[in-house]
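Enquirer: I have a structure here, written as structure tokens, and I will follow up with some questions on it.
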Amino acid sequence: MIAIKDLTVKYQGKNEETLALDKVNININTGDIYTFIGPSGCGKSTLLYVLSGILKDYTGTVSIDGRDINPKAQRIGLILQNYGLLPWKTVYENTMLGIKIKNDSRVLDEYSSYILKQLGIDALLDRYPKELSGGQQQRVAIARAFILKPDLLLMDEPFSALDAITREEMQELFLNIWKQNSVTTVFITHSVDEALYLGSKIVVFSPSPGRILEVLENPCFKLDNLRFRDEYYAMSTKLRKIVSKG
């Protein structure tokens with residue numbers, strides 16, 4: 001479980017101090033997907049940087065299974081909007097980068113091969129990022145994260161730059177991989193539809209400074225197709241009202 005208590009983050013500018021997060025409190029259950037939604041500039045990405053260990057200047061406490069955030073000791077996968085691929089490395093080298101950084105001796109084992117095949121990039125291993133489409137680059141980023149076998153997966157609007165058809169395809173692929181691994185996931189999005197489709201829990205942030213307005217159970221997450229539509233529209237209406245009130 002991820003435990004966040006009174007998390008407060010301030011950025012020091014030239015002339016003034018900006019409060020990005022203000023006493024955020026939440027427990028994130030192991031094996032769930034929490035989608036965080038809120039207006040631009042409300043601190044969602046800041047929260048992700050704290051959880052990844054990139055941002056260490058904060059007050060309050062953040063822990064994973066009772067231990068302080070430590071990227072060297074914990075496996076934390078991070079997928080960014082721009083994919084974060086190294087242009088001078090091949091698809092294979094990019095996908096294996098996480099475990100190489102962790103000094104993991106694994107090469108292309110059965111699990112890694114399975115992930116690459118599931119994502120449809122097993123035939124692209126010798127290519128470079130510039131030779132791939134946006135959707136293919138995103139698949140490489142997802143593969144790199146899952147091959148790491150992370151304790152925590154962080155995703156910062158990873159599908160927002162894709163066209164609508166590719167975005168829906170990537171959402172479905174991500175869910176299919178996630179269902180087989182049940183990785184604890186924090187997913188940042190601006191889209192109500194994406195939050196409903198991908199999140200087992202939905203966390204609504206206030207405008208800046210970021211505070212949690214509400215944490216919602218998502219009844220749409222595990223519904224069959226016959227029940228999905230009614231539940232989806234009910235939840236969508238409720239969620240849009242909360243976001244608009246802010």
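Identifiers for the structure tokens are assigned positionally: chains receive A, B, ... in sequence, residues are indexed from 1 per chain, and ligands are indexed from 1 in the order shown.
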So which residues of stretch 2-224 of chain A fall under strand (DSSP E or B) by DSSP, listed as a ChimeraX atom specification?
Expert: /A:2-12,17-28,33-37,59-64,67-68,76-79,152-156,184-189,201-205,210,212-217
Enquirer: List the spatial neighbours of A:Ile147 as a ChimeraX atom specification - criterion: any atom at most 10 Å away, only C-alpha atoms, same-chain residues fewer than 3 positions off excluded.
Expert: /A:77,95-99,106,108-109,111-116,142-144,150
Enquirer: Fewer than 6 positions away in the same chain doesn't count, so skip those; otherwise give me all residues within 6 Å of A:Met155, counting only C-alpha atoms, as a list in words.
Expert: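 Contacts, with the query itself left out: Leu78, Ile79 and Phe187 of chain A.
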Enquirer: Point out the residue among A:Leu239, A:Met170, A:Ile28, A:Ala234 with the least atom-to-atom distance to A:Leu216, counting only C-alpha atoms.
Expert: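 When distances to A:Leu216 are compared using only C-alpha atoms, the smallest one comes from A:Leu239.
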Enquirer: What are the closest atom pairs, with distances in Å to one decimal, for each residue of stretch 132-218 of chain A lying within 7 Å of stretch 41-55 of chain A, using only C-alpha atoms, rows by chain and rising residue number, as JSON lines?
Expert:
```
{"residue": "A:Leu154", "atom": "CA", "partner": "A:Leu48", "partner_atom": "CA", "distance": 6.6}
{"residue": "A:Asp156", "atom": "CA", "partner": "A:Ser45", "partner_atom": "CA", "distance": 6.6}
{"residue": "A:Ile188", "atom": "CA", "partner": "A:Lys44", "partner_atom": "CA", "distance": 6.6}
{"residue": "A:Phe205", "atom": "CA", "partner": "A:Cys42", "partner_atom": "CA", "distance": 6.9}
{"residue": "A:Ser206", "atom": "CA", "partner": "A:Cys42", "partner_atom": "CA", "distance": 6.5}
{"residue": "A:Pro207", "atom": "CA", "partner": "A:Cys42", "partner_atom": "CA", "distance": 4.9}
{"residue": "A:Ser208", "atom": "CA", "partner": "A:Cys42", "partner_atom": "CA", "distance": 4.2}
{"residue": "A:Pro209", "atom": "CA", "partner": "A:Cys42", "partner_atom": "CA", "distance": 5.8}
{"residue": "A:Gly210", "atom": "CA", "partner": "A:Cys42", "partner_atom": "CA", "distance": 4.7}
```
Enquirer: Those residues with N, CA and C atoms, as an mmCIF file, in the first residue's frame please?
Expert:
```
data_model
loop_
_atom_site.group_PDB
_atom_site.id
_atom_site.type_symbol
_atom_site.label_atom_id
_atom_site.label_comp_id
_atom_site.auth_asym_id
_atom_site.auth_seq_id
_atom_site.Cartn_x
_atom_site.Cartn_y
_atom_site.Cartn_z
ATOM 1 N N LEU A 154 3.703 4.383 -12.498
ATOM 2 C CA LEU A 154 3.256 5.769 -12.560
ATOM 3 C C LEU A 154 3.101 6.170 -14.024
ATOM 4 N N ASP A 156 1.859 9.387 -16.522
ATOM 5 C CA ASP A 156 1.497 10.797 -16.589
ATOM 6 C C ASP A 156 0.930 11.136 -17.964
ATOM 7 N N ILE A 188 -2.387 9.554 -14.261
ATOM 8 C CA ILE A 188 -2.801 10.952 -14.343
ATOM 9 C C ILE A 188 -3.499 11.199 -15.679
ATOM 10 N N PHE A 205 -8.960 16.016 -8.029
ATOM 11 C CA PHE A 205 -8.147 17.078 -7.455
ATOM 12 C C PHE A 205 -8.834 18.431 -7.636
ATOM 13 N N SER A 206 -8.594 19.324 -6.682
ATOM 14 C CA SER A 206 -9.067 20.702 -6.777
ATOM 15 C C SER A 206 -8.136 21.500 -7.681
ATOM 16 N N PRO A 207 -8.571 22.715 -8.103
ATOM 17 C CA PRO A 207 -7.613 23.609 -8.759
ATOM 18 C C PRO A 207 -6.459 23.938 -7.802
ATOM 19 N N SER A 208 -5.383 24.476 -8.361
ATOM 20 C CA SER A 208 -4.189 24.772 -7.573
ATOM 21 C C SER A 208 -4.507 25.696 -6.398
ATOM 22 N N PRO A 209 -3.927 25.401 -5.223
ATOM 23 C CA PRO A 209 -3.047 24.270 -4.898
ATOM 24 C C PRO A 209 -3.835 22.970 -4.795
ATOM 25 N N GLY A 210 -3.202 21.879 -5.213
ATOM 26 C CA GLY A 210 -3.889 20.600 -5.296
ATOM 27 C C GLY A 210 -4.301 20.040 -3.944
#
```
Enquirer: My list of candidates is A:Met235, A:Gly199, A:Ser160, A:Glu172. Which is closest to A:Asn82 when distances are computed with only C-alpha atoms?
Expert: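 Among the listed residues, A:Ser160 lies closest to A:Asn82.
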Enquirer: Could you list, as number ranges by chain, every residue within 7 Å of A:Glu157, counting only C-alpha atoms and ignoring same-chain residues fewer than 6 positions away?
Expert: A: 80-81, 188-189
Enquirer: Given the selection you just returned, output its residues as a file containing C-alpha atoms, formatted as a PDB file, in the first residue's frame.
Expert:
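Written out: result.pdb:
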```pdb
ATOM      1  CA  LEU A  80       5.529   9.914 -19.458  1.00  0.00           C
ATOM      2  CA  GLN A  81       3.513  11.707 -22.116  1.00  0.00           C
ATOM      3  CA  ILE A 188      -2.801  10.952 -14.343  1.00  0.00           C
ATOM      4  CA  THR A 189      -5.370  12.169 -16.869  1.00  0.00           C
TER       5      THR A 189
END
```
Enquirer: From the options A:Asn70, A:Thr35, A:Gln118, A:Asn29, which residue's atoms come nearest to A:Glu214, counting only C-alpha atoms?
Expert: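 Of A:Asn70, A:Thr35, A:Gln118, A:Asn29, the one nearest A:Glu214 is A:Thr35, counting only C-alpha atoms.
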Enquirer: Quick one: residues within 12 Å of stretch 127-132 of chain A, only C-alpha atoms, excluding same-chain residues fewer than 5 positions away - as a ChimeraX atom specification?
Expert: /A:82-95,121-122,137-141
Enquirer: Would you please give, as a PyMOL selection string, all residues of stretch 69-209 of chain A that DSSP assigns to alpha helix (DSSP H) based on the backbone?
Expert: chain A and resi 91-95+97-101+110-118+134-147+164-181+192-198
Enquirer: For the selection you just gave me, I'd like the residues written to a file as a PDB file, in the first residue's frame, keeping C-alpha atoms.
Expert:
```
ATOM      1  CA  VAL A  91      13.632  -0.839 -29.139  1.00  0.00           C
ATOM      2  CA  TYR A  92      15.282  -3.796 -27.420  1.00  0.00           C
ATOM      3  CA  GLU A  93      17.768  -1.580 -25.556  1.00  0.00           C
ATOM      4  CA  ASN A  94      14.998   0.818 -24.491  1.00  0.00           C
ATOM      5  CA  THR A  95      12.738  -1.947 -23.220  1.00  0.00           C
ATOM      6  CA  LEU A  97      16.818  -0.213 -19.811  1.00  0.00           C
ATOM      7  CA  GLY A  98      14.915  -0.399 -16.529  1.00  0.00           C
ATOM      8  CA  ILE A  99      16.271  -3.770 -15.485  1.00  0.00           C
ATOM      9  CA  LYS A 100      19.764  -2.769 -16.635  1.00  0.00           C
ATOM     10  CA  ILE A 101      19.650   0.252 -14.324  1.00  0.00           C
ATOM     11  CA  GLU A 110      10.246 -15.846 -21.348  1.00  0.00           C
ATOM     12  CA  TYR A 111       8.411 -13.118 -19.441  1.00  0.00           C
ATOM     13  CA  SER A 112      10.037 -10.271 -21.383  1.00  0.00           C
ATOM     14  CA  SER A 113       9.339 -12.014 -24.689  1.00  0.00           C
ATOM     15  CA  TYR A 114       5.714 -12.493 -23.651  1.00  0.00           C
ATOM     16  CA  ILE A 115       5.255  -8.786 -22.856  1.00  0.00           C
ATOM     17  CA  LEU A 116       6.836  -7.745 -26.169  1.00  0.00           C
ATOM     18  CA  LYS A 117       4.613 -10.143 -28.081  1.00  0.00           C
ATOM     19  CA  GLN A 118       1.464  -9.030 -26.238  1.00  0.00           C
ATOM     20  CA  GLY A 134       3.592   7.336 -31.806  1.00  0.00           C
ATOM     21  CA  GLY A 135       1.553   4.287 -30.888  1.00  0.00           C
ATOM     22  CA  GLN A 136       4.547   1.988 -31.334  1.00  0.00           C
ATOM     23  CA  GLN A 137       6.711   4.250 -29.175  1.00  0.00           C
ATOM     24  CA  GLN A 138       4.064   4.143 -26.471  1.00  0.00           C
ATOM     25  CA  ARG A 139       4.042   0.340 -26.634  1.00  0.00           C
ATOM     26  CA  VAL A 140       7.811   0.362 -26.084  1.00  0.00           C
ATOM     27  CA  ALA A 141       7.378   2.615 -23.028  1.00  0.00           C
ATOM     28  CA  ILE A 142       4.720   0.284 -21.591  1.00  0.00           C
ATOM     29  CA  ALA A 143       6.878  -2.768 -22.309  1.00  0.00           C
ATOM     30  CA  ARG A 144       9.853  -1.202 -20.522  1.00  0.00           C
ATOM     31  CA  ALA A 145       7.706  -0.517 -17.456  1.00  0.00           C
ATOM     32  CA  PHE A 146       6.144  -3.990 -17.235  1.00  0.00           C
ATOM     33  CA  ILE A 147       9.371  -5.879 -17.983  1.00  0.00           C
ATOM     34  CA  ALA A 164      -8.391   8.838 -30.846  1.00  0.00           C
ATOM     35  CA  ILE A 165      -8.246   5.392 -32.452  1.00  0.00           C
ATOM     36  CA  THR A 166      -4.665   4.695 -31.341  1.00  0.00           C
ATOM     37  CA  ARG A 167      -5.452   6.024 -27.850  1.00  0.00           C
ATOM     38  CA  GLU A 168      -8.362   3.594 -27.425  1.00  0.00           C
ATOM     39  CA  GLU A 169      -6.203   0.743 -28.703  1.00  0.00           C
ATOM     40  CA  MET A 170      -3.426   1.607 -26.230  1.00  0.00           C
ATOM     41  CA  GLN A 171      -5.873   1.880 -23.332  1.00  0.00           C
ATOM     42  CA  GLU A 172      -7.157  -1.598 -24.105  1.00  0.00           C
ATOM     43  CA  LEU A 173      -3.649  -3.028 -24.462  1.00  0.00           C
ATOM     44  CA  PHE A 174      -2.592  -1.474 -21.169  1.00  0.00           C
ATOM     45  CA  LEU A 175      -5.597  -2.945 -19.346  1.00  0.00           C
ATOM     46  CA  ASN A 176      -4.991  -6.395 -20.820  1.00  0.00           C
ATOM     47  CA  ILE A 177      -1.385  -6.376 -19.593  1.00  0.00           C
ATOM     48  CA  TRP A 178      -2.341  -4.886 -16.224  1.00  0.00           C
ATOM     49  CA  LYS A 179      -5.029  -7.532 -15.566  1.00  0.00           C
ATOM     50  CA  GLN A 180      -2.380 -10.244 -15.819  1.00  0.00           C
ATOM     51  CA  ASN A 181       0.029  -8.479 -13.437  1.00  0.00           C
ATOM     52  CA  VAL A 192     -13.226  11.990 -17.521  1.00  0.00           C
ATOM     53  CA  ASP A 193     -13.796   9.197 -20.038  1.00  0.00           C
ATOM     54  CA  GLU A 194     -10.255   7.843 -19.573  1.00  0.00           C
ATOM     55  CA  ALA A 195     -10.521   8.068 -15.788  1.00  0.00           C
ATOM     56  CA  LEU A 196     -13.733   6.031 -15.887  1.00  0.00           C
ATOM     57  CA  TYR A 197     -12.398   3.471 -18.329  1.00  0.00           C
ATOM     58  CA  LEU A 198      -9.069   2.801 -16.637  1.00  0.00           C
TER      59      LEU A 198
END
```
Enquirer: For A:Thr185, find every residue with an atom within 8 Å (counting only C-alpha atoms), except residues of its own chain fewer than 6 positions away, and show them as a list of chain:residue names.
Expert: A:Gly31, A:Asp32, A:Ile33, A:Tyr34, A:Leu152, A:Leu153, A:Leu154, A:Met155
Enquirer: Can you list, as a list in words, every protein, DNA or RNA residue that comes within 8 Å of A:Thr30 when you count only C-alpha atoms, leaving out same-chain residues fewer than 3 positions away?
Expert: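 Answer for this query is Met1, Ile2, Val183 and Thr184 of chain A.
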Enquirer: Tell me, in Å to one decimal, how far atom CA of A:Ser244 is from atom CA of A:Ile37.
Expert: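 Interatomic distance, atom CA of A:Ser244 to atom CA of A:Ile37: 11.5 Å.
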Enquirer: For A:Ile4, which of A:Ile212, A:Leu148, A:Ala123, A:Glu16 is the closest residue, counting only C-alpha atoms?
Expert: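 Comparing A:Ile212, A:Leu148, A:Ala123, A:Glu16 against A:Ile4, the winner is A:Ile212.
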Enquirer: Have a look at A:Leu119, A:Leu124, A:Leu21, A:Ala3 and name the one nearest to A:Arg67; count only C-alpha atoms.
Expert: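 Looking at the shortest contact to A:Arg67, the residue is A:Ala3.
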